>>> print(open('protein38.tsv').read())   # TSV, C-alpha atoms
chain	number	residue	atom	x	y	z
U	18	MET	CA	-29.53	-30.56	0.65
U	19	THR	CA	-33.01	-29.05	0.69
U	20	PHE	CA	-35.36	-29.39	-2.28
U	21	GLU	CA	-35.10	-25.67	-3.11
U	22	LEU	CA	-31.30	-25.76	-3.09
U	23	PHE	CA	-31.27	-28.95	-5.19
U	24	ILE	CA	-33.41	-27.34	-7.91
U	25	ALA	CA	-31.39	-24.10	-7.78
U	26	MET	CA	-28.12	-26.01	-8.23
U	27	ARG	CA	-29.60	-27.94	-11.18
U	28	TYR	CA	-30.70	-24.71	-12.85
U	29	LEU	CA	-27.25	-23.16	-12.25
U	30	ARG	CA	-25.39	-26.08	-13.84
U	31	ALA	CA	-27.87	-26.97	-16.58
U	32	LYS	CA	-27.23	-26.06	-20.21
U	33	ARG	CA	-29.45	-23.24	-21.38
U	34	LYS	CA	-31.61	-23.33	-24.49
U	35	GLN	CA	-30.62	-19.72	-24.89
U	36	ALA	CA	-26.83	-19.38	-24.50
U	37	PHE	CA	-27.33	-15.67	-23.93
U	38	ILE	CA	-28.66	-16.40	-20.42
U	39	SER	CA	-25.43	-18.21	-19.54
U	40	VAL	CA	-23.42	-15.26	-20.79
U	41	ILE	CA	-25.44	-12.87	-18.62
U	42	SER	CA	-24.96	-15.14	-15.61
U	43	LEU	CA	-21.20	-15.16	-16.24
U	44	VAL	CA	-21.19	-11.37	-16.59
U	45	SER	CA	-23.11	-11.12	-13.31
U	46	ILE	CA	-20.56	-13.27	-11.52
U	47	MET	CA	-17.62	-11.29	-12.94
U	48	GLY	CA	-19.31	-7.97	-12.15
U	49	VAL	CA	-19.76	-8.91	-8.50
U	50	ALA	CA	-16.22	-10.36	-8.38
U	51	LEU	CA	-14.63	-7.20	-9.80
U	52	GLY	CA	-16.60	-4.97	-7.43
U	53	VAL	CA	-15.64	-7.01	-4.37
U	54	ALA	CA	-11.99	-7.22	-5.48
U	55	ALA	CA	-11.83	-3.45	-6.04
U	56	LEU	CA	-13.32	-2.82	-2.60
U	57	ILE	CA	-10.83	-5.15	-0.91
U	58	ILE	CA	-7.79	-3.66	-2.68
U	59	VAL	CA	-8.70	0.01	-2.29
U	60	LEU	CA	-9.79	-0.24	1.35
U	61	GLY	CA	-6.65	-2.28	2.07
U	62	VAL	CA	-4.45	0.46	0.56
U	63	MET	CA	-6.31	3.20	2.46
U	64	ASN	CA	-5.94	1.25	5.71
U	65	GLY	CA	-2.25	0.87	4.94
U	66	PHE	CA	-1.78	4.60	4.42
U	67	SER	CA	-3.72	5.40	7.60
U	68	GLN	CA	-1.75	2.86	9.65
U	69	ASN	CA	1.59	4.05	8.25
U	70	LEU	CA	0.70	7.68	8.92
U	71	ARG	CA	-0.31	6.81	12.48
U	72	ASP	CA	2.97	4.99	13.04
U	73	LYS	CA	4.92	7.97	11.70
U	74	ILE	CA	3.10	10.39	13.99
U	75	LEU	CA	3.44	8.15	17.03
U	76	GLY	CA	7.10	7.57	16.25
U	77	ILE	CA	7.97	11.14	17.21
U	78	ASN	CA	5.04	11.79	19.56
U	79	ALA	CA	3.86	9.93	22.64
U	80	HIS	CA	0.57	8.05	22.93
U	81	VAL	CA	-0.48	10.15	25.94
U	82	MET	CA	0.80	13.52	27.14
U	83	VAL	CA	0.52	14.86	30.70
U	84	GLY	CA	0.89	18.62	31.16
U	85	ASP	CA	0.50	21.22	33.87
U	86	TYR	CA	-1.61	24.40	33.57
U	87	THR	CA	0.81	26.26	35.87
U	88	GLY	CA	3.60	26.05	33.28
U	89	GLY	CA	5.72	23.11	34.40
U	90	ILE	CA	5.99	19.89	36.40
U	91	ALA	CA	8.43	19.76	39.31
U	92	ASN	CA	9.89	16.57	40.78
U	93	TYR	CA	9.06	14.67	37.63
U	94	ASP	CA	10.98	11.55	38.67
U	95	ALA	CA	8.37	10.72	41.34
U	96	LEU	CA	5.52	11.36	38.87
U	97	SER	CA	7.21	9.11	36.30
U	98	ARG	CA	7.35	6.20	38.76
U	99	GLN	CA	3.66	6.68	39.62
U	100	LEU	CA	2.63	6.73	35.96
U	101	ASN	CA	4.64	3.57	35.20
U	102	SER	CA	2.74	1.72	37.91
U	103	LEU	CA	-0.67	2.36	36.29
U	104	PRO	CA	-2.34	-0.43	34.25
U	105	GLY	CA	-1.83	-0.18	30.49
U	106	VAL	CA	1.22	2.09	30.75
U	107	ARG	CA	4.35	0.78	29.04
U	108	GLY	CA	6.69	3.62	29.96
U	109	SER	CA	6.97	7.37	30.53
U	110	ALA	CA	9.59	10.06	30.02
U	111	PRO	CA	9.85	13.80	30.77
U	112	PHE	CA	9.97	16.40	28.01
U	113	ILE	CA	10.35	20.14	27.57
U	114	TYR	CA	8.42	21.94	24.84
U	115	THR	CA	9.30	25.38	23.54
U	116	GLU	CA	9.45	27.41	20.35
U	117	VAL	CA	12.77	28.90	19.28
U	118	MET	CA	14.49	30.49	16.30
U	119	VAL	CA	17.30	28.52	14.66
U	120	SER	CA	19.79	30.45	12.53
U	121	ALA	CA	22.69	29.34	10.35
U	122	PRO	CA	24.59	30.83	7.40
U	123	GLY	CA	21.88	29.48	5.10
U	124	GLY	CA	18.88	31.13	6.80
U	125	VAL	CA	16.63	31.46	9.83
U	126	LYS	CA	13.66	29.25	10.74
U	127	GLY	CA	11.17	29.00	13.60
U	128	VAL	CA	11.38	25.59	15.22
U	129	VAL	CA	9.51	23.58	17.84
U	130	LEU	CA	12.28	22.43	20.18
U	131	ARG	CA	11.67	19.43	22.41
U	132	GLY	CA	13.98	18.55	25.26
U	133	ILE	CA	14.05	14.79	25.87
U	134	ASP	CA	15.95	12.30	27.98
U	135	PRO	CA	17.82	10.20	25.36
U	136	GLY	CA	17.81	7.18	27.67
U	137	GLU	CA	14.21	7.17	28.83
U	138	SER	CA	12.71	8.50	25.57
U	139	SER	CA	13.49	5.23	23.79
U	140	GLU	CA	10.71	3.68	25.91
U	141	VAL	CA	8.24	6.29	24.64
U	142	LEU	CA	9.38	7.41	21.17
U	143	THR	CA	10.70	5.51	18.16
U	144	LEU	CA	12.68	8.46	16.83
U	145	ASP	CA	15.76	6.27	16.31
U	146	GLN	CA	13.90	4.48	13.50
U	147	GLU	CA	13.52	7.76	11.62
U	148	MET	CA	17.19	8.79	11.91
U	149	ILE	CA	19.19	8.99	8.67
U	150	LEU	CA	22.31	10.44	10.30
U	151	GLY	CA	23.43	10.05	13.93
U	152	ARG	CA	21.60	8.56	16.91
U	153	VAL	CA	19.34	9.95	19.63
U	154	GLY	CA	21.83	8.73	22.24
U	155	ASP	CA	24.46	11.14	20.84
U	156	LEU	CA	22.62	14.02	22.56
U	157	ASP	CA	24.20	12.88	25.85
U	158	ASN	CA	27.77	13.10	24.55
U	159	GLU	CA	29.71	15.79	26.39
U	160	LYS	CA	31.33	18.10	23.85
U	161	GLU	CA	32.04	21.80	23.45
U	162	PHE	CA	28.45	22.55	22.43
U	163	PRO	CA	25.17	20.82	23.36
U	164	GLY	CA	23.68	18.62	20.67
U	165	ILE	CA	20.52	19.05	18.60
U	166	ILE	CA	18.69	16.71	16.19
U	167	ILE	CA	16.79	18.34	13.32
U	168	GLY	CA	14.64	17.22	10.39
U	169	GLN	CA	16.01	16.79	6.89
U	170	GLU	CA	13.86	19.58	5.44
U	171	LEU	CA	15.03	21.99	8.17
U	172	SER	CA	18.68	21.13	7.53
U	173	SER	CA	18.18	21.90	3.82
U	174	THR	CA	16.33	25.14	4.55
U	175	ILE	CA	19.04	26.65	6.78
U	176	GLY	CA	21.92	24.99	4.94
U	177	VAL	CA	23.51	22.85	7.64
U	178	ASN	CA	24.59	19.23	7.79
U	179	PHE	CA	25.67	16.65	10.32
U	180	GLY	CA	28.40	18.08	12.59
U	181	ASP	CA	27.69	21.76	11.78
U	182	THR	CA	26.72	24.33	14.42
U	183	VAL	CA	23.56	26.44	14.61
U	184	ASN	CA	22.47	29.36	16.79
U	185	VAL	CA	19.32	28.81	18.84
U	186	LEU	CA	17.50	31.90	20.10
U	187	SER	CA	14.93	31.50	22.88
U	188	PRO	CA	12.55	34.49	23.35
U	189	SER	CA	12.08	33.57	27.04
U	190	GLY	CA	15.64	32.92	28.04
U	191	SER	CA	16.56	34.78	31.21
U	192	ARG	CA	14.38	36.74	33.62
U	193	THR	CA	15.65	40.24	34.42
U	194	ALA	CA	14.21	43.37	36.01
U	195	ALA	CA	13.03	44.41	32.55
U	196	GLY	CA	11.40	41.04	31.86
U	197	PHE	CA	12.63	38.09	29.83
U	198	THR	CA	15.82	38.61	27.84
U	199	PRO	CA	16.29	36.45	24.72
U	200	GLN	CA	19.10	33.96	25.06
U	201	ILE	CA	21.25	32.73	22.19
U	202	SER	CA	23.08	29.42	22.45
U	203	VAL	CA	25.23	27.49	20.02
U	204	PHE	CA	24.22	23.87	19.29
U	205	GLU	CA	25.96	21.16	17.30
U	206	VAL	CA	23.88	19.13	14.82
U	207	ARG	CA	24.34	15.55	16.01
U	208	GLY	CA	21.55	13.92	14.07
U	209	ILE	CA	19.14	14.34	11.16
U	210	PHE	CA	15.80	12.53	10.94
U	211	LYS	CA	13.30	12.04	8.14
U	212	THR	CA	9.69	11.06	8.74
U	213	GLY	CA	8.50	11.94	5.23
U	214	MET	CA	5.98	14.45	6.67
U	215	TYR	CA	7.00	17.98	5.78
U	216	GLU	CA	5.44	19.58	8.86
U	217	TYR	CA	7.66	17.55	11.18
U	218	ASP	CA	10.81	17.43	9.05
U	219	SER	CA	10.87	21.20	8.60
U	220	SER	CA	9.77	22.43	12.04
U	221	PHE	CA	10.93	20.00	14.74
U	222	GLY	CA	14.16	19.76	16.69
U	223	TYR	CA	15.26	17.61	19.64
U	224	THR	CA	17.85	18.26	22.31
U	225	SER	CA	18.64	16.96	25.78
U	226	ILE	CA	16.56	18.04	28.77
U	227	ASN	CA	19.57	19.71	30.39
U	228	ALA	CA	20.22	21.86	27.31
U	229	ALA	CA	16.53	22.78	27.03
U	230	GLN	CA	16.39	23.69	30.73
U	231	SER	CA	19.45	25.88	30.33
U	232	ILE	CA	18.14	27.82	27.35
U	233	LEU	CA	14.71	28.32	28.99
U	234	GLY	CA	16.01	29.09	32.45
U	235	PHE	CA	14.21	26.11	34.06
U	236	ARG	CA	15.27	24.53	37.33
U	237	GLU	CA	16.94	21.12	37.06
U	238	ASP	CA	13.85	19.37	38.44
U	239	MET	CA	11.39	21.23	36.17
U	240	VAL	CA	9.97	20.00	32.85
U	241	THR	CA	7.02	20.95	30.64
U	242	GLY	CA	5.27	17.60	30.88
U	243	MET	CA	5.43	13.82	30.73
U	244	GLU	CA	5.14	11.59	27.66
U	245	VAL	CA	3.50	8.21	28.17
U	246	ARG	CA	3.56	5.13	25.95
U	247	VAL	CA	0.80	2.53	26.32
U	248	HIS	CA	0.71	-1.17	25.43
U	249	ASP	CA	-2.28	-0.84	23.05
U	250	VAL	CA	-2.47	2.39	21.01
U	251	ASP	CA	-6.16	1.80	20.26
U	252	ARG	CA	-6.90	1.93	24.01
U	253	ALA	CA	-4.92	5.12	24.60
U	254	HIS	CA	-8.13	7.03	25.40
U	255	ILE	CA	-8.93	4.54	28.19
U	256	VAL	CA	-5.43	4.79	29.67
U	257	SER	CA	-5.52	8.59	29.45
U	258	ALA	CA	-8.81	8.60	31.39
U	259	THR	CA	-7.20	6.37	34.03
U	260	ILE	CA	-4.24	8.74	34.32
U	261	ASP	CA	-6.57	11.74	34.57
U	262	ASP	CA	-8.51	10.10	37.40
U	263	PHE	CA	-5.27	9.21	39.17
U	264	LEU	CA	-3.88	12.75	38.96
U	265	GLY	CA	-7.16	14.26	40.09
U	266	GLY	CA	-7.53	16.91	37.40
U	267	TYR	CA	-6.25	20.46	37.91
U	268	PRO	CA	-3.46	21.54	37.68
U	269	TYR	CA	-2.72	18.52	35.47
U	270	TYR	CA	-4.27	17.88	32.08
U	271	VAL	CA	-4.06	14.73	29.97
U	272	ARG	CA	-4.28	14.40	26.18
U	273	ASN	CA	-4.06	11.28	24.03
U	274	TRP	CA	-2.94	10.96	20.42
U	275	MET	CA	-6.52	10.50	19.19
U	276	GLU	CA	-7.54	13.88	20.59
U	277	MET	CA	-4.42	15.66	19.33
U	278	ASN	CA	-4.85	14.31	15.76
U	279	GLN	CA	-8.64	14.02	15.70
U	280	ASN	CA	-9.27	16.13	12.57
U	281	LEU	CA	-6.64	14.33	10.50
U	282	PHE	CA	-7.85	10.80	11.24
U	283	ALA	CA	-11.51	11.84	10.99
U	284	ALA	CA	-10.81	13.11	7.45
U	285	LEU	CA	-9.08	9.83	6.56
U	286	GLN	CA	-12.01	7.82	7.93
U	287	LEU	CA	-14.52	9.94	5.97
U	288	GLU	CA	-12.49	9.46	2.80
U	289	LYS	CA	-12.44	5.70	3.39
U	290	ILE	CA	-16.23	5.58	3.83
U	291	ALA	CA	-16.82	7.71	0.72
U	292	MET	CA	-14.52	5.52	-1.37
U	293	GLY	CA	-16.24	2.39	-0.07
U	294	ILE	CA	-19.67	3.72	-1.10
U	295	ILE	CA	-18.41	4.66	-4.56
U	296	LEU	CA	-16.84	1.27	-5.17
U	297	ALA	CA	-19.93	-0.50	-3.83
U	298	MET	CA	-21.69	0.85	-6.93
U	299	ILE	CA	-19.65	-1.63	-8.98
U	300	VAL	CA	-21.16	-4.48	-6.97
U	301	LEU	CA	-24.59	-2.90	-7.47
U	302	VAL	CA	-24.08	-2.86	-11.25
U	303	GLY	CA	-23.13	-6.55	-11.11
U	304	SER	CA	-26.27	-7.29	-9.11
U	305	PHE	CA	-28.41	-5.62	-11.81
U	306	SER	CA	-27.10	-8.26	-14.21
U	307	ILE	CA	-28.41	-10.90	-11.79
U	308	VAL	CA	-31.90	-9.41	-12.20
U	309	THR	CA	-31.66	-9.73	-15.99
U	310	ALA	CA	-30.31	-13.28	-15.86
U	311	LEU	CA	-33.02	-14.47	-13.43
U	312	VAL	CA	-35.88	-12.81	-15.35
U	313	MET	CA	-34.77	-14.46	-18.58
U	314	LEU	CA	-34.36	-17.79	-16.73
U	315	VAL	CA	-37.91	-17.50	-15.39
U	316	MET	CA	-39.15	-16.99	-18.96
U	317	GLU	CA	-37.22	-20.08	-20.11
U	318	LYS	CA	-38.34	-22.24	-17.17
U	319	THR	CA	-42.01	-21.27	-17.28
U	320	ARG	CA	-43.11	-24.86	-18.04
U	321	ASP	CA	-40.91	-26.28	-15.26
U	322	ILE	CA	-42.36	-23.83	-12.77
U	323	ALA	CA	-45.90	-24.72	-13.83
U	324	ILE	CA	-45.22	-28.46	-13.48
U	325	LEU	CA	-43.71	-27.97	-10.02
U	326	MET	CA	-46.71	-25.93	-8.91
U	327	SER	CA	-49.17	-28.47	-10.33
U	328	MET	CA	-47.34	-31.16	-8.32
U	329	GLY	CA	-47.91	-29.23	-5.11
U	330	ALA	CA	-45.06	-26.75	-4.90
U	331	THR	CA	-46.16	-23.60	-3.12
U	332	ARG	CA	-45.50	-20.08	-4.36
U	333	SER	CA	-43.11	-19.45	-1.45
U	334	LEU	CA	-41.10	-22.55	-2.47
U	335	ILE	CA	-40.80	-21.27	-6.06
U	336	ARG	CA	-39.76	-17.90	-4.67
U	337	ARG	CA	-37.08	-19.53	-2.54
U	338	ILE	CA	-35.72	-21.51	-5.53
U	339	PHE	CA	-34.98	-18.39	-7.57
U	340	THR	CA	-33.80	-16.46	-4.53
U	341	LEU	CA	-31.28	-19.22	-3.81
U	342	LEU	CA	-30.26	-19.27	-7.49
U	343	GLY	CA	-29.47	-15.54	-7.39
U	344	MET	CA	-27.68	-15.90	-4.07
U	345	LEU	CA	-25.55	-18.73	-5.52
U	346	ILE	CA	-24.49	-16.47	-8.39
U	347	GLY	CA	-23.68	-13.73	-5.85
U	348	ALA	CA	-21.79	-16.15	-3.61
U	349	VAL	CA	-19.62	-17.38	-6.48
U	350	GLY	CA	-18.91	-13.78	-7.54
U	351	THR	CA	-18.10	-12.74	-3.96
U	352	ALA	CA	-15.79	-15.72	-3.46
U	353	LEU	CA	-13.94	-14.97	-6.70
U	354	GLY	CA	-13.72	-11.30	-5.64
U	355	PHE	CA	-12.09	-12.28	-2.36
U	356	ILE	CA	-9.63	-14.53	-4.19
U	357	PHE	CA	-8.71	-11.81	-6.70
U	358	GLY	CA	-8.67	-8.99	-4.13
U	359	LEU	CA	-6.62	-10.75	-1.46
U	360	GLY	CA	-4.31	-12.25	-4.09
U	361	ILE	CA	-3.52	-8.89	-5.73
U	362	SER	CA	-3.16	-7.26	-2.30
U	363	HIS	CA	-0.63	-9.94	-1.32
U	364	LEU	CA	1.35	-9.30	-4.51
U	365	LEU	CA	1.30	-5.53	-3.85
U	366	LYS	CA	2.54	-6.08	-0.31
U	367	GLU	CA	5.23	-8.61	-1.13
U	368	TYR	CA	6.66	-7.34	-4.43
U	369	GLN	CA	5.75	-3.62	-4.26
U	370	PHE	CA	5.55	-3.38	-8.06
U	371	ILE	CA	3.58	-0.11	-7.95
U	372	ARG	CA	6.09	2.61	-7.05
U	373	LEU	CA	5.21	6.08	-5.77
U	374	PRO	CA	7.21	9.25	-6.52
U	375	ALA	CA	9.48	9.86	-3.53
U	376	ASP	CA	9.32	13.65	-3.94
U	377	VAL	CA	5.52	13.64	-3.48
U	378	TYR	CA	4.77	10.86	-0.98
U	379	TYR	CA	6.55	9.82	2.20
U	380	LEU	CA	6.39	6.21	0.97
U	381	ASP	CA	7.89	4.70	-2.18
U	382	HIS	CA	5.25	1.95	-2.50
U	383	LEU	CA	1.59	1.26	-1.81
U	384	PRO	CA	1.07	0.01	1.76
U	385	VAL	CA	-1.62	-2.66	2.21
U	386	LEU	CA	-3.35	-3.56	5.46
U	387	HIS	CA	-6.55	-5.60	5.68
U	388	GLN	CA	-8.82	-5.41	8.70
U	389	THR	CA	-11.07	-8.37	9.48
U	390	GLN	CA	-14.10	-6.16	10.11
U	391	ASP	CA	-13.72	-4.54	6.67
U	392	LEU	CA	-13.60	-7.92	4.94
U	393	ILE	CA	-16.70	-9.08	6.83
U	394	ILE	CA	-18.60	-5.89	5.92
U	395	ILE	CA	-17.60	-6.22	2.24
U	396	GLY	CA	-18.80	-9.83	2.10
U	397	LEU	CA	-22.11	-9.11	3.84
U	398	ALA	CA	-22.76	-5.98	1.75
U	399	ALA	CA	-22.11	-7.86	-1.51
U	400	MET	CA	-24.45	-10.71	-0.53
U	401	PHE	CA	-27.13	-8.24	0.61
U	402	LEU	CA	-27.05	-6.41	-2.74
U	403	CYS	CA	-27.30	-9.75	-4.54
U	404	PHE	CA	-30.27	-10.70	-2.35
U	405	LEU	CA	-32.05	-7.46	-3.26
U	406	ALA	CA	-31.49	-8.29	-6.92
U	407	THR	CA	-33.39	-11.59	-6.54
U	408	ILE	CA	-36.59	-10.12	-5.06
U	409	TYR	CA	-38.30	-9.08	-8.32
U	410	PRO	CA	-37.44	-12.21	-10.43
U	411	ALA	CA	-38.37	-14.55	-7.55
U	412	ARG	CA	-41.72	-12.79	-7.08
U	413	LYS	CA	-42.38	-12.90	-10.82
U	414	ALA	CA	-41.71	-16.66	-10.88
U	415	SER	CA	-43.99	-17.33	-7.91
U	416	ASN	CA	-46.84	-15.34	-9.46
U	417	LEU	CA	-47.04	-17.54	-12.59
U	418	ASN	CA	-50.41	-19.24	-13.23
U	419	PRO	CA	-49.81	-22.97	-13.94
U	420	ALA	CA	-52.90	-23.21	-16.15
U	421	ASP	CA	-51.75	-20.34	-18.38
U	422	ALA	CA	-48.21	-21.76	-18.57
U	423	LEU	CA	-49.37	-25.26	-19.63
U	424	ARG	CA	-52.29	-24.26	-21.85
U	425	TYR	CA	-50.34	-24.48	-25.11
U	426	GLU	CA	-47.95	-27.28	-24.10
>>> encode(input="protein38.tsv", output="structure tokens")
Amino acid sequence: MTFELFIAMRYLRAKRKQAFISVISLVSIMGVALGVAALIIVLGVMNGFSQNLRDKILGINAHVMVGDYTGGIANYDALSRQLNSLPGVRGSAPFIYTEVMVSAPGGVKGVVLRGIDPGESSEVLTLDQEMILGRVGDLDNEKEFPGIIIGQELSSTIGVNFGDTVNVLSPSGSRTAAGFTPQISVFEVRGIFKTGMYEYDSSFGYTSINAAQSILGFREDMVTGMEVRVHDVDRAHIVSATIDDFLGGYPYYVRNWMEMNQNLFAALQLEKIAMGIILAMIVLVGSFSIVTALVMLVMEKTRDIAILMSMGATRSLIRRIFTLLGMLIGAVGTALGFIFGLGISHLLKEYQFIRLPADVYYLDHLPVLHQTQDLIIIGLAAMFLCFLATIYPARKASNLNPADALRYE
């Protein structure tokens, strides 16, 4: 232990002549602890919401999408095998994308209809996890009518349930001499999913590729594009660049989930930064108490400082003593903040005692997810603010004149 740290520890543990200084020191520690704990809890909850939202979006959308500017991809089986051989690619599946009108006795609604391969799509999508009625594999069952899977909000809007039939109208059904003639087909509802996101639950439908090809008039070897799932979602942009280089650009185009949802996640990130700055003010308020405690301690220890300086202590050594004393107060507060913050976060995650209204949010509890980099930044920021709070008191202590301090002793 260095001399400066030894003196600082003695001053931190010693009984004060003025009990008020000890109270201020305790308030300083608790202020820093509460600020750090609030930062840890709130950022953990915001990370949890962001992660959960990302998982919901990627559950019904692929990590990377490959399309064709000419309107469709032919011989997609060969392309699928090539994509699966690329590094970072976990699997791929064909899809057909179109917009249709779905009608039932309860109403009419515009829907985004996606044709998928129920077998291969399980390697790319996690739609089965969102199903509340039926299974994705039921789309392959041969019955009187082709099957369709719709969202819960859509089923409520048009008044249909599992096993009912709906009419699907495609504006670009069949090509005739007069142009495209709308085609109407009857589909059986073989599944209902719920993601908790209104945009998807009210406007998305899934059917088999064969049924989608039939209603759009596509050839059997023609699809809209390919969906690709990667091993690491955070490296989807790297994999998409690899795929783009492999395909050689036009007529193909490649998009990853980060590009397709850029505005949404940028807004969430901005909100997280803004909330972090606001809550950091609590730590700043706690650090102001450190200034008060150290200034009053300097006034109480004036004689001690003078004796140390008369014995040969330099001004920089005195400055380091009070800087270390302030940093010790900050370190104790930060450590307590981490204990409180991580402890409460663990209780929120395990026991979910804060419930959310199910009719407002797509979750019924607060999700919590801590990222190591956030915890490191919180700890460093708290210690930096505490260090700034020690600059003035430490300088004031080092500027004392020993002769003036000891004159009346």
>>> closest_residue(input="protein38.tsv", among="U:Ile90, U:Leu285, U:Cys403, U:Met277", to="Val49 (chain U)", atoms="all atoms listed in the file")
U:Cys403
>>> residues_around(input="protein38.tsv", residues="region 173-184 of chain U", least_positions_apart="3", cutoff="12 Å", atoms="all atoms listed in the file", output="PyMOL selection string")
chain U and resi 117-128+148-152+155+160-170+187+200-211+215+218-220+222+232
>>> residues_around(input="protein38.tsv", residues="Phe355 (chain U)", least_positions_apart="6", cutoff="8 Å", atoms="all atoms listed in the file", output="CSV table (one decimal) with C-alpha atoms, in the frame of the given file")
chain,number,residue,atom,x,y,z
U,50,ALA,CA,-16.2,-10.4,-8.4
U,53,VAL,CA,-15.6,-7.0,-4.4
U,54,ALA,CA,-12.0,-7.2,-5.5
U,57,ILE,CA,-10.8,-5.2,-0.9
>>> axis_aligned_box(input="protein38.tsv", around="region 163-170 of chain U", padding_each_side="4 Å", output="AutoDock Vina command-line options")
--center_x 19.5 --center_y 18.8 --center_z 14.4 --size_x 19.3 --size_y 12.1 --size_z 25.9
>>> closest_residue(input="protein38.tsv", among="U:Lys366, U:Lys73, U:His80, U:Arg320", to="Tyr217 (chain U)", atoms="all atoms listed in the file")
U:Lys73
>>> closest_residue(input="protein38.tsv", among="U:Arg131, U:Arg30, U:Arg107, U:His254", to="Gly242 (chain U)", atoms="only C-alpha atoms")
U:Arg131
>>> atom_distance(input="protein38.tsv", atom1="CA of Ser333 (chain U)", atom2="CA of Pro419 (chain U)")
14.6 Å
>>> closest_residue(input="protein38.tsv", among="U:Ser67, U:Ser139, U:Thr224, U:Gln286", to="Ala110 (chain U)", atoms="all atoms listed in the file")
U:Ser139
>>> residues_around(input="protein38.tsv", residues="Val141 (chain U)", least_positions_apart="3", cutoff="12 Å", atoms="all atoms listed in the file", output="count of residues only")
31
>>> residues_around(input="protein38.tsv", residues="Arg337 (chain U)", least_positions_apart="4", cutoff="8 Å", atoms="only C-alpha atoms", output="PDB file with C-alpha atoms, in the frame of the given file")
ATOM      1  CA  GLU U  21     -35.100 -25.670  -3.110  1.00  0.00           C
ATOM      2  CA  SER U 333     -43.110 -19.450  -1.450  1.00  0.00           C
ATOM      3  CA  LEU U 341     -31.280 -19.220  -3.810  1.00  0.00           C
ATOM      4  CA  ALA U 411     -38.370 -14.550  -7.550  1.00  0.00           C
TER       5      ALA U 411
END
>>> closest_residue(input="protein38.tsv", among="U:Thr19, U:Thr115, U:Thr241, U:Ser306", to="Tyr223 (chain U)", atoms="only C-alpha atoms")
U:Thr115
>>> atom_distance(input="protein38.tsv", atom1="CA of Asn92 (chain U)", atom2="CA of Ile255 (chain U)")
25.6 Å
>>> closest_residue(input="protein38.tsv", among="U:Met326, U:Ala291, U:Met400, U:Met239", to="Met344 (chain U)", atoms="only C-alpha atoms")
U:Met400
>>> decode(input="protein38.tsv", residues="region 318-331 of chain U", atoms="N, CA and C atoms", output="mmCIF file, in the first residue's frame")
data_model
loop_
_atom_site.group_PDB
_atom_site.id
_atom_site.type_symbol
_atom_site.label_atom_id
_atom_site.label_comp_id
_atom_site.auth_asym_id
_atom_site.auth_seq_id
_atom_site.Cartn_x
_atom_site.Cartn_y
_atom_site.Cartn_z
ATOM 1 N N LYS U 318 -9.031 18.807 8.512
ATOM 2 C CA LYS U 318 -7.688 18.231 8.554
ATOM 3 C C LYS U 318 -6.606 19.246 8.202
ATOM 4 N N THR U 319 -6.885 20.514 8.367
ATOM 5 C CA THR U 319 -5.914 21.547 8.030
ATOM 6 C C THR U 319 -4.593 21.344 8.785
ATOM 7 N N ARG U 320 -4.668 21.064 10.095
ATOM 8 C CA ARG U 320 -3.460 20.877 10.893
ATOM 9 C C ARG U 320 -2.688 19.640 10.423
ATOM 10 N N ASP U 321 -3.409 18.556 10.112
ATOM 11 C CA ASP U 321 -2.734 17.344 9.632
ATOM 12 C C ASP U 321 -1.997 17.603 8.323
ATOM 13 N N ILE U 322 -2.640 18.353 7.451
ATOM 14 C CA ILE U 322 -2.021 18.661 6.158
ATOM 15 C C ILE U 322 -0.756 19.494 6.370
ATOM 16 N N ALA U 323 -0.854 20.476 7.271
ATOM 17 C CA ALA U 323 0.301 21.329 7.544
ATOM 18 C C ALA U 323 1.462 20.519 8.128
ATOM 19 N N ILE U 324 1.157 19.592 9.040
ATOM 20 C CA ILE U 324 2.217 18.776 9.642
ATOM 21 C C ILE U 324 2.872 17.883 8.577
ATOM 22 N N LEU U 325 2.065 17.287 7.711
ATOM 23 C CA LEU U 325 2.607 16.450 6.648
ATOM 24 C C LEU U 325 3.527 17.249 5.732
ATOM 25 N N MET U 326 3.089 18.475 5.396
ATOM 26 C CA MET U 326 3.900 19.297 4.499
ATOM 27 C C MET U 326 5.177 19.756 5.178
ATOM 28 N N SER U 327 5.108 20.038 6.493
ATOM 29 C CA SER U 327 6.317 20.462 7.216
ATOM 30 C C SER U 327 7.305 19.304 7.373
ATOM 31 N N MET U 328 6.790 18.068 7.264
ATOM 32 C CA MET U 328 7.661 16.887 7.358
ATOM 33 C C MET U 328 8.227 16.484 5.998
ATOM 34 N N GLY U 329 7.862 17.230 4.959
ATOM 35 C CA GLY U 329 8.446 16.974 3.649
ATOM 36 C C GLY U 329 7.479 16.511 2.581
ATOM 37 N N ALA U 330 6.209 16.403 2.929
ATOM 38 C CA ALA U 330 5.226 15.984 1.917
ATOM 39 C C ALA U 330 5.077 17.081 0.866
ATOM 40 N N THR U 331 5.097 16.697 -0.365
ATOM 41 C CA THR U 331 4.956 17.675 -1.455
ATOM 42 C C THR U 331 3.478 17.991 -1.677
#
